[in-house]
$ cat coords-v2.cif   # mmCIF, C-alpha atoms
data_target
#
loop_
_atom_site.label_atom_id
_atom_site.label_comp_id
_atom_site.auth_asym_id
_atom_site.auth_seq_id
_atom_site.Cartn_x
_atom_site.Cartn_y
_atom_site.Cartn_z
CA MET U 30 -12.88 12.36 8.81
CA GLY U 31 -14.54 14.10 11.72
CA ARG U 32 -13.65 14.22 15.41
CA LEU U 33 -12.43 10.99 16.99
CA THR U 34 -14.32 10.13 20.19
CA GLY U 35 -14.46 7.21 22.58
CA GLY U 36 -17.82 6.28 21.09
CA ASP U 37 -16.16 4.50 18.15
CA PRO U 38 -13.93 1.78 19.67
CA SER U 39 -13.55 -0.06 16.36
CA LEU U 40 -11.98 3.03 14.76
CA LEU U 41 -9.67 3.44 17.75
CA ARG U 42 -8.60 -0.20 17.45
CA ARG U 43 -7.80 0.28 13.77
CA ILE U 44 -5.75 3.38 14.54
CA ASN U 45 -3.84 1.57 17.29
CA SER U 46 -3.23 -1.38 14.98
CA ALA U 47 -1.88 0.94 12.29
CA VAL U 48 0.45 2.65 14.78
CA VAL U 49 1.84 -0.65 16.10
CA LEU U 50 2.17 -2.12 12.60
CA HIS U 51 4.09 0.95 11.43
CA ALA U 52 6.45 0.57 14.40
CA LEU U 53 6.97 -3.12 13.67
CA ARG U 54 7.81 -2.43 10.03
CA ALA U 55 10.35 0.22 10.99
CA ALA U 56 12.11 -1.76 13.75
CA ASP U 57 14.31 -4.85 13.79
CA SER U 58 12.48 -7.52 15.81
CA PRO U 59 11.30 -5.24 18.64
CA THR U 60 10.08 -6.47 22.03
CA LEU U 61 6.76 -5.45 23.55
CA THR U 62 8.65 -2.96 25.71
CA ASP U 63 10.23 -1.46 22.59
CA LEU U 64 6.82 -1.09 20.95
CA VAL U 65 5.32 0.53 24.06
CA GLN U 66 8.13 3.09 24.09
CA VAL U 67 7.91 3.86 20.38
CA THR U 68 4.12 4.07 20.11
CA GLY U 69 3.29 5.64 23.46
CA LEU U 70 0.43 3.16 23.88
CA SER U 71 -0.17 1.18 27.06
CA ARG U 72 1.36 -2.28 27.37
CA PRO U 73 -2.05 -4.06 27.48
CA THR U 74 -3.08 -2.20 24.31
CA VAL U 75 0.13 -3.14 22.49
CA GLU U 76 -0.17 -6.76 23.64
CA GLY U 77 -3.73 -6.97 22.35
CA VAL U 78 -2.84 -5.38 19.02
CA VAL U 79 0.17 -7.65 18.49
CA GLU U 80 -1.87 -10.76 19.22
CA GLY U 81 -4.51 -9.58 16.75
CA LEU U 82 -1.85 -8.98 14.09
CA ILE U 83 -0.44 -12.46 14.70
CA GLU U 84 -3.91 -13.95 14.21
CA ALA U 85 -4.24 -11.95 10.98
CA GLY U 86 -0.94 -13.39 9.74
CA LEU U 87 0.79 -10.01 9.51
CA VAL U 88 3.14 -10.51 12.47
CA ALA U 89 5.14 -13.48 13.76
CA GLU U 90 7.25 -14.08 16.84
CA ALA U 91 10.94 -13.73 16.00
CA ALA U 92 13.73 -15.92 17.33
CA ALA U 93 15.55 -14.61 20.38
CA GLU U 94 18.88 -12.96 19.77
CA GLU U 95 21.94 -15.09 20.47
CA GLY U 96 23.02 -13.06 23.47
CA GLU U 97 19.56 -13.21 25.01
CA ALA U 98 19.32 -16.97 24.54
CA ARG U 99 22.46 -17.47 26.65
CA ARG U 100 21.18 -15.48 29.61
CA GLN U 101 19.37 -17.08 32.49
CA GLY U 102 15.62 -16.88 32.42
CA ARG U 103 13.20 -16.56 29.58
CA PRO U 104 14.22 -13.95 26.97
CA ALA U 105 11.79 -11.19 26.05
CA ARG U 106 9.51 -12.06 23.16
CA ARG U 107 10.43 -10.37 19.91
CA PHE U 108 8.22 -9.83 16.89
CA ARG U 109 8.64 -9.18 13.20
CA PHE U 110 6.46 -7.88 10.40
CA ARG U 111 5.69 -10.62 7.86
CA ALA U 112 6.37 -8.94 4.53
CA GLU U 113 5.70 -12.30 2.89
CA ALA U 114 2.13 -12.44 4.21
CA GLY U 115 0.66 -10.94 1.05
CA HIS U 116 1.31 -8.76 -1.96
CA LEU U 117 0.66 -5.23 -3.17
CA LEU U 118 -0.12 -4.12 -6.69
CA GLY U 119 0.71 -0.72 -8.14
CA ILE U 120 -0.90 0.48 -11.37
CA GLU U 121 0.05 3.58 -13.37
CA ILE U 122 -2.30 4.66 -16.17
CA GLY U 123 -0.87 7.09 -18.70
CA PRO U 124 -1.54 8.36 -22.22
CA HIS U 125 0.87 5.98 -23.97
CA ARG U 126 1.21 3.06 -21.59
CA VAL U 127 -0.09 1.30 -18.52
CA SER U 128 2.43 -0.04 -16.01
CA VAL U 129 1.88 -2.62 -13.28
CA LEU U 130 4.21 -3.43 -10.40
CA LEU U 131 4.01 -6.27 -7.86
CA SER U 132 5.67 -6.13 -4.44
CA ASP U 133 5.58 -7.85 -1.08
CA LEU U 134 4.09 -6.05 1.93
CA GLY U 135 7.46 -4.49 2.72
CA GLY U 136 7.63 -2.78 -0.66
CA ARG U 137 10.24 -5.10 -2.20
CA VAL U 138 9.53 -5.23 -5.93
CA ILE U 139 8.94 -8.77 -7.19
CA ASP U 140 8.09 -8.12 -10.83
CA ALA U 141 6.74 -5.45 -13.16
CA THR U 142 5.33 -5.12 -16.65
CA GLN U 143 3.84 -2.52 -18.96
CA ARG U 144 1.64 -2.32 -22.02
CA THR U 145 1.61 0.35 -24.70
CA VAL U 146 -1.69 1.98 -25.56
CA ASP U 147 -2.70 4.47 -28.21
CA GLU U 148 -3.19 7.95 -26.77
CA ARG U 149 -6.53 8.09 -28.62
CA ALA U 150 -7.81 4.89 -26.99
CA GLY U 151 -11.06 5.15 -25.06
CA ALA U 152 -11.54 4.29 -21.40
CA ASP U 153 -12.75 0.73 -22.05
CA GLU U 154 -9.74 -0.16 -24.19
CA ARG U 155 -7.33 1.41 -21.73
CA LEU U 156 -8.83 -0.46 -18.79
CA GLU U 157 -8.73 -3.70 -20.75
CA ARG U 158 -4.98 -3.17 -21.19
CA VAL U 159 -4.72 -2.76 -17.43
CA ARG U 160 -6.57 -6.03 -16.78
CA THR U 161 -4.45 -7.89 -19.33
CA ALA U 162 -1.21 -6.57 -17.82
CA VAL U 163 -2.32 -7.46 -14.29
CA ALA U 164 -3.35 -11.00 -15.25
CA GLU U 165 -0.06 -11.65 -17.06
CA LEU U 166 2.05 -10.25 -14.23
CA LEU U 167 0.33 -12.34 -11.55
CA ARG U 168 0.56 -15.45 -13.70
CA ARG U 169 4.25 -14.87 -14.43
CA ALA U 170 5.05 -14.26 -10.75
CA GLY U 171 2.99 -17.24 -9.61
CA VAL U 172 0.97 -15.04 -7.24
CA PRO U 173 -2.75 -15.83 -6.83
CA ARG U 174 -5.12 -12.89 -6.94
CA ARG U 175 -6.36 -13.73 -3.44
CA SER U 176 -2.87 -12.90 -2.10
CA LEU U 177 -3.30 -9.21 -2.95
CA ARG U 178 -3.87 -7.05 0.14
CA ALA U 179 -4.29 -3.72 -1.64
CA VAL U 180 -4.07 -2.10 -5.07
CA GLY U 181 -2.83 1.44 -5.60
CA VAL U 182 -3.63 3.28 -8.83
CA GLY U 183 -2.07 6.47 -10.18
CA SER U 184 -4.12 8.32 -12.80
CA PRO U 185 -4.00 11.72 -14.50
CA GLY U 186 -6.71 14.16 -13.58
CA ILE U 187 -8.59 15.35 -10.52
CA VAL U 188 -9.57 12.23 -8.59
CA GLU U 189 -12.30 12.08 -5.96
CA ALA U 190 -11.95 10.06 -2.72
CA ASP U 191 -14.02 7.19 -4.15
CA GLY U 192 -11.80 6.96 -7.22
CA THR U 193 -14.03 8.85 -9.64
CA VAL U 194 -12.14 11.09 -12.07
CA ARG U 195 -13.87 14.44 -11.76
CA LEU U 196 -11.78 15.99 -14.53
CA GLY U 197 -9.23 14.31 -16.78
CA THR U 198 -8.19 16.03 -20.01
CA ALA U 199 -5.15 13.87 -20.83
CA LEU U 200 -7.10 10.68 -21.61
CA PRO U 201 -10.17 10.31 -23.84
CA GLY U 202 -13.35 9.48 -21.95
CA TRP U 203 -11.68 9.97 -18.59
CA THR U 204 -13.73 12.87 -17.19
CA GLY U 205 -16.50 11.48 -15.01
CA LEU U 206 -15.12 7.93 -15.20
CA PRO U 207 -15.83 5.86 -12.04
CA LEU U 208 -12.31 4.47 -12.22
CA GLY U 209 -12.25 3.08 -8.69
CA GLU U 210 -15.57 1.32 -9.12
CA ARG U 211 -14.53 -0.16 -12.47
CA LEU U 212 -11.26 -1.53 -11.12
CA ARG U 213 -12.75 -2.89 -7.89
CA ARG U 214 -14.71 -5.39 -9.95
CA SER U 215 -11.43 -7.18 -10.67
CA PHE U 216 -10.14 -7.40 -7.09
CA ARG U 217 -11.29 -8.59 -3.68
CA CYS U 218 -9.02 -6.19 -1.81
CA PRO U 219 -9.12 -2.40 -1.32
CA VAL U 220 -8.41 -0.40 -4.47
CA LEU U 221 -7.13 3.14 -3.87
CA VAL U 222 -7.05 5.61 -6.76
CA GLU U 223 -5.05 8.85 -6.58
CA ASN U 224 -3.82 11.57 -8.90
CA ASP U 225 -0.51 10.38 -10.37
CA ALA U 226 1.48 13.43 -9.26
CA ASN U 227 0.18 13.15 -5.70
CA ALA U 228 0.97 9.43 -5.63
CA ALA U 229 4.50 10.13 -6.88
CA ALA U 230 5.03 12.75 -4.17
CA VAL U 231 3.98 10.25 -1.47
CA ALA U 232 6.26 7.59 -2.97
CA GLU U 233 9.30 9.88 -2.99
CA HIS U 234 8.55 10.90 0.59
CA TRP U 235 8.22 7.28 1.72
CA SER U 236 11.17 5.75 -0.09
CA GLY U 237 12.88 8.11 -2.50
CA ALA U 238 14.55 11.46 -2.95
CA ALA U 239 12.31 13.16 -0.37
CA THR U 240 12.80 10.66 2.47
CA GLY U 241 13.07 12.58 5.73
CA SER U 242 11.68 15.81 4.28
CA ASP U 243 8.38 17.21 5.57
CA ASP U 244 7.94 19.86 2.86
CA VAL U 245 7.91 18.40 -0.64
CA VAL U 246 6.76 19.62 -4.04
CA PHE U 247 6.76 17.10 -6.91
CA VAL U 248 6.38 18.39 -10.47
CA LEU U 249 5.23 15.96 -13.15
CA ALA U 250 5.79 17.11 -16.74
CA GLY U 251 4.02 15.49 -19.70
CA LEU U 252 0.83 15.67 -21.70
CA SER U 253 -1.02 16.55 -18.51
CA PRO U 254 1.39 18.43 -16.20
CA GLY U 255 0.63 18.20 -12.52
CA ALA U 256 2.12 18.83 -9.12
CA GLY U 257 1.82 16.86 -5.93
CA ALA U 258 2.71 18.32 -2.57
CA LEU U 259 3.34 17.12 0.96
CA ILE U 260 3.43 20.05 3.33
CA GLY U 261 4.53 19.30 6.87
CA GLY U 262 4.68 21.52 9.85
#

$ encode --input "coords-v2.cif" --output "structure tokens"
Amino acid sequence: MGRLTGGDPSLLRRINSAVVLHALRAADSPTLTDLVQVTGLSRPTVEGVVEGLIEAGLVAEAAAEEGEARRQGRPARRFRFRAEAGHLLGIEIGPHRVSVLLSDLGGRVIDATQRTVDERAGADERLERVRTAVAELLRRAGVPRRSLRAVGVGSPGIVEADGTVRLGTALPGWTGLPLGERLRRSFRCPVLVENDANAAAVAEHWSGAATGSDDVVFVLAGLSPGAGALIGG
């Protein structure tokens, strides 16, 4: 990523936005003062970020708490993360099936589906199963494709940062496949492709058996065994 300097204000704004958004998701209708304390950012910076997130539709002003409403004077403004502002799509591609999961921005699962696929199927057939499963899931849930904010994909093999599978022995025709590029043709939002074991390790750390643990090793056993790790310090 390189060294962060003051010469890239747009990157700094994105980092500040991510920090504030993370704090908003983790808190229950915090005030600006709460966000300043949690993030360590200056009040003007937090105010600017929150206003930008409101304009983007990701944050809304929350109603004042009952006790605050009864006090004299204007209660402090409170804010909430709008989990309903969009949707996320998770795709798992395996030897015998493809699975697709739809959630809101808070991670609440709305619906899921899967399609079986022959382990001998080539890349084109497997990706067509993915597209069919995605289309059916969105149609069934009544969610337009434009509502998707991001798509996460778990795939066997060694996956490059751009989503290209450098080496994939579990699936026919997978080595050298520009998986990220192929899938991005179907979406107007960011598509992130990761090794399935690594993705599973991150998921368990975020909201699973490894929540609160900084040192995690996840072992995936199957046709293509793998291990994902999160090493803290």

$ resolve_selection --input "coords-v2.cif" --expression "the PyMOL selection byres ((chain U and resi 220) around 7)" --output "JSON, numbers by chain"
{"U": [179, 180, 181, 209, 213, 218, 219, 221, 222]}

$ resolve_selection --input "coords-v2.cif" --expression "the PyMOL selection byres ((chain U and resi 107-116) around 6)" --output "list in words"
Leu53, Arg54, Ser58, Pro59, Thr60, Leu87, Val88, Ala89, Glu90, Ala91, Arg106, Leu117, Ser132, Asp133, Leu134, Gly135, Ser176, Leu177 and Arg178 of chain U

$ residues_around --input "coords-v2.cif" --residues "range 140-156 of chain U" --least-positions-apart "3" --cutoff "6 Å" --atoms "all atoms listed in the file" --output "list of chain:residue names"
U:Pro124, U:His125, U:Arg126, U:Val127, U:Ser128, U:Val129, U:Leu130, U:Leu131, U:Val159, U:Pro201, U:Gly202

$ closest_residue --input "coords-v2.cif" --among "U:Asp57, U:Ala250, U:Ser236, U:Gly119" --to "Ala93 in chain U" --atoms "only C-alpha atoms"
U:Asp57

$ atom_distance --input "coords-v2.cif" --atom1 "CA of Leu64 in chain U" --atom2 "CA of Leu41 in chain U"
17.4 Å

$ closest_residue --input "coords-v2.cif" --among "U:Ala92, U:Val172, U:Val67, U:Leu61" --to "Glu80 in chain U" --atoms "all atoms listed in the file"
U:Leu61

$ closest_residue --input "coords-v2.cif" --among "U:Thr193, U:Ser46, U:Thr62, U:Ser71" --to "Leu208 in chain U" --atoms "only C-alpha atoms"
U:Thr193

$ atom_distance --input "coords-v2.cif" --atom1 "CA of Val231 in chain U" --atom2 "CA of Phe247 in chain U"
9.2 Å

$ closest_residue --input "coords-v2.cif" --among "U:Leu70, U:Val245, U:Ala226, U:Leu50" --to "Leu82 in chain U" --atoms "only C-alpha atoms"
U:Leu50

$ resolve_selection --input "coords-v2.cif" --expression "the PyMOL selection byres ((chain U and resi 199) around 8)" --output "list in words"
Pro124, Pro185, Gly186, Gly197, Thr198, Leu200, Pro201, Trp203, Leu252 and Ser253 of chain U

$ atom_distance --input "coords-v2.cif" --atom1 "CA of Val163 in chain U" --atom2 "CA of Ala55 in chain U"
29.3 Å

$ closest_residue --input "coords-v2.cif" --among "U:Leu118, U:Gly136, U:Gln66, U:Leu212" --to "Arg158 in chain U" --atoms "all atoms listed in the file"
U:Leu212

$ residues_around --input "coords-v2.cif" --residues "Ala239 in chain U" --least-positions-apart "4" --cutoff "12 Å" --atoms "all atoms listed in the file" --output "list in words"
Ala229, Ala230, Val231, Ala232, Glu233, His234, Trp235, Asp243, Asp244, Val245, Val246, Phe247, Ala258, Leu259 and Ile260 of chain U

$ closest_residue --input "coords-v2.cif" --among "U:Arg72, U:Ile44, U:Leu166, U:Gly183" --to "Glu121 in chain U" --atoms "only C-alpha atoms"
U:Gly183

$ residues_around --input "coords-v2.cif" --residues "Asn45 in chain U" --least-positions-apart "5" --cutoff "10 Å" --atoms "all atoms listed in the file" --output "ChimeraX atom specification"
/U:39-40,50-51,68,70,74-75,77-78

$ write_last_selection --input "coords-v2.cif" --atoms "C-alpha atoms" --output "mmCIF file, keeping the file's coordinate frame"
data_model
loop_
_atom_site.group_PDB
_atom_site.id
_atom_site.type_symbol
_atom_site.label_atom_id
_atom_site.label_comp_id
_atom_site.auth_asym_id
_atom_site.auth_seq_id
_atom_site.Cartn_x
_atom_site.Cartn_y
_atom_site.Cartn_z
ATOM 1 C CA SER U 39 -13.550 -0.060 16.360
ATOM 2 C CA LEU U 40 -11.980 3.030 14.760
ATOM 3 C CA LEU U 50 2.170 -2.120 12.600
ATOM 4 C CA HIS U 51 4.090 0.950 11.430
ATOM 5 C CA THR U 68 4.120 4.070 20.110
ATOM 6 C CA LEU U 70 0.430 3.160 23.880
ATOM 7 C CA THR U 74 -3.080 -2.200 24.310
ATOM 8 C CA VAL U 75 0.130 -3.140 22.490
ATOM 9 C CA GLY U 77 -3.730 -6.970 22.350
ATOM 10 C CA VAL U 78 -2.840 -5.380 19.020
#

$ decode --input "coords-v2.cif" --residues "range 221-254 of chain U" --atoms "N, CA and C atoms" --output "compact mmCIF listing (two decimals), in the first residue's frame"
# COMPACT_ATOMS: atom_id res chain seq x y z
N LEU U 221 -14.79 -8.44 -4.80
CA LEU U 221 -13.57 -8.82 -4.12
C LEU U 221 -13.46 -10.34 -4.10
N VAL U 222 -12.37 -10.88 -4.63
CA VAL U 222 -12.18 -12.32 -4.69
C VAL U 222 -11.04 -12.70 -3.75
N GLU U 223 -11.27 -13.75 -2.94
CA GLU U 223 -10.27 -14.18 -1.97
C GLU U 223 -10.26 -15.70 -1.91
N ASN U 224 -9.14 -16.25 -1.50
CA ASN U 224 -9.06 -17.69 -1.24
C ASN U 224 -10.12 -18.07 -0.21
N ASP U 225 -10.81 -19.18 -0.42
CA ASP U 225 -11.94 -19.55 0.43
C ASP U 225 -11.55 -19.75 1.89
N ALA U 226 -10.38 -20.34 2.14
CA ALA U 226 -9.96 -20.55 3.53
C ALA U 226 -9.67 -19.21 4.22
N ASN U 227 -9.03 -18.30 3.50
CA ASN U 227 -8.75 -16.98 4.07
C ASN U 227 -10.05 -16.24 4.37
N ALA U 228 -11.00 -16.32 3.43
CA ALA U 228 -12.29 -15.65 3.62
C ALA U 228 -13.02 -16.22 4.83
N ALA U 229 -12.94 -17.55 5.00
CA ALA U 229 -13.59 -18.18 6.15
C ALA U 229 -12.95 -17.75 7.46
N ALA U 230 -11.63 -17.60 7.46
CA ALA U 230 -10.94 -17.16 8.67
C ALA U 230 -11.39 -15.75 9.06
N VAL U 231 -11.50 -14.86 8.07
CA VAL U 231 -11.95 -13.49 8.34
C VAL U 231 -13.39 -13.50 8.86
N ALA U 232 -14.24 -14.34 8.27
CA ALA U 232 -15.64 -14.41 8.69
C ALA U 232 -15.76 -14.88 10.14
N GLU U 233 -15.01 -15.91 10.51
CA GLU U 233 -15.06 -16.40 11.89
C GLU U 233 -14.53 -15.36 12.87
N HIS U 234 -13.53 -14.59 12.43
CA HIS U 234 -12.98 -13.55 13.29
C HIS U 234 -13.97 -12.41 13.47
N TRP U 235 -14.72 -12.10 12.42
CA TRP U 235 -15.66 -10.99 12.45
C TRP U 235 -16.94 -11.34 13.22
N SER U 236 -17.47 -12.53 12.95
CA SER U 236 -18.75 -12.87 13.56
C SER U 236 -18.91 -14.39 13.67
N GLY U 237 -18.02 -15.01 14.41
CA GLY U 237 -18.09 -16.46 14.53
C GLY U 237 -17.33 -16.97 15.72
N ALA U 238 -16.76 -18.14 15.59
CA ALA U 238 -16.09 -18.79 16.71
C ALA U 238 -14.84 -18.05 17.17
N ALA U 239 -14.24 -17.24 16.28
CA ALA U 239 -12.99 -16.57 16.62
C ALA U 239 -13.18 -15.10 16.99
N THR U 240 -14.42 -14.68 17.23
CA THR U 240 -14.67 -13.30 17.62
C THR U 240 -13.89 -12.95 18.88
N GLY U 241 -13.15 -11.86 18.83
CA GLY U 241 -12.37 -11.42 19.98
C GLY U 241 -10.98 -12.02 20.06
N SER U 242 -10.65 -12.91 19.13
CA SER U 242 -9.31 -13.53 19.12
C SER U 242 -8.45 -12.88 18.05
N ASP U 243 -7.22 -12.54 18.41
CA ASP U 243 -6.31 -11.91 17.44
C ASP U 243 -5.49 -12.94 16.67
N ASP U 244 -5.29 -14.11 17.24
CA ASP U 244 -4.48 -15.15 16.60
C ASP U 244 -5.40 -16.30 16.21
N VAL U 245 -5.59 -16.50 14.93
CA VAL U 245 -6.56 -17.49 14.45
C VAL U 245 -5.96 -18.31 13.33
N VAL U 246 -6.15 -19.61 13.36
CA VAL U 246 -5.81 -20.49 12.24
C VAL U 246 -7.06 -21.27 11.87
N PHE U 247 -7.46 -21.18 10.61
CA PHE U 247 -8.65 -21.87 10.12
C PHE U 247 -8.21 -22.93 9.12
N VAL U 248 -8.61 -24.17 9.37
CA VAL U 248 -8.23 -25.28 8.49
C VAL U 248 -9.46 -25.73 7.72
N LEU U 249 -9.35 -25.74 6.39
CA LEU U 249 -10.44 -26.15 5.52
C LEU U 249 -10.06 -27.48 4.89
N ALA U 250 -10.86 -28.52 5.13
CA ALA U 250 -10.57 -29.85 4.62
C ALA U 250 -11.53 -30.18 3.50
N GLY U 251 -11.02 -30.72 2.39
CA GLY U 251 -11.86 -31.08 1.25
C GLY U 251 -11.00 -31.57 0.11
N LEU U 252 -11.51 -31.37 -1.11
CA LEU U 252 -10.73 -31.77 -2.28
C LEU U 252 -9.47 -30.95 -2.42
N SER U 253 -9.53 -29.70 -1.92
CA SER U 253 -8.37 -28.82 -2.00
C SER U 253 -8.14 -28.22 -0.63
N PRO U 254 -7.49 -28.95 0.28
CA PRO U 254 -7.30 -28.46 1.65
C PRO U 254 -6.55 -27.14 1.64
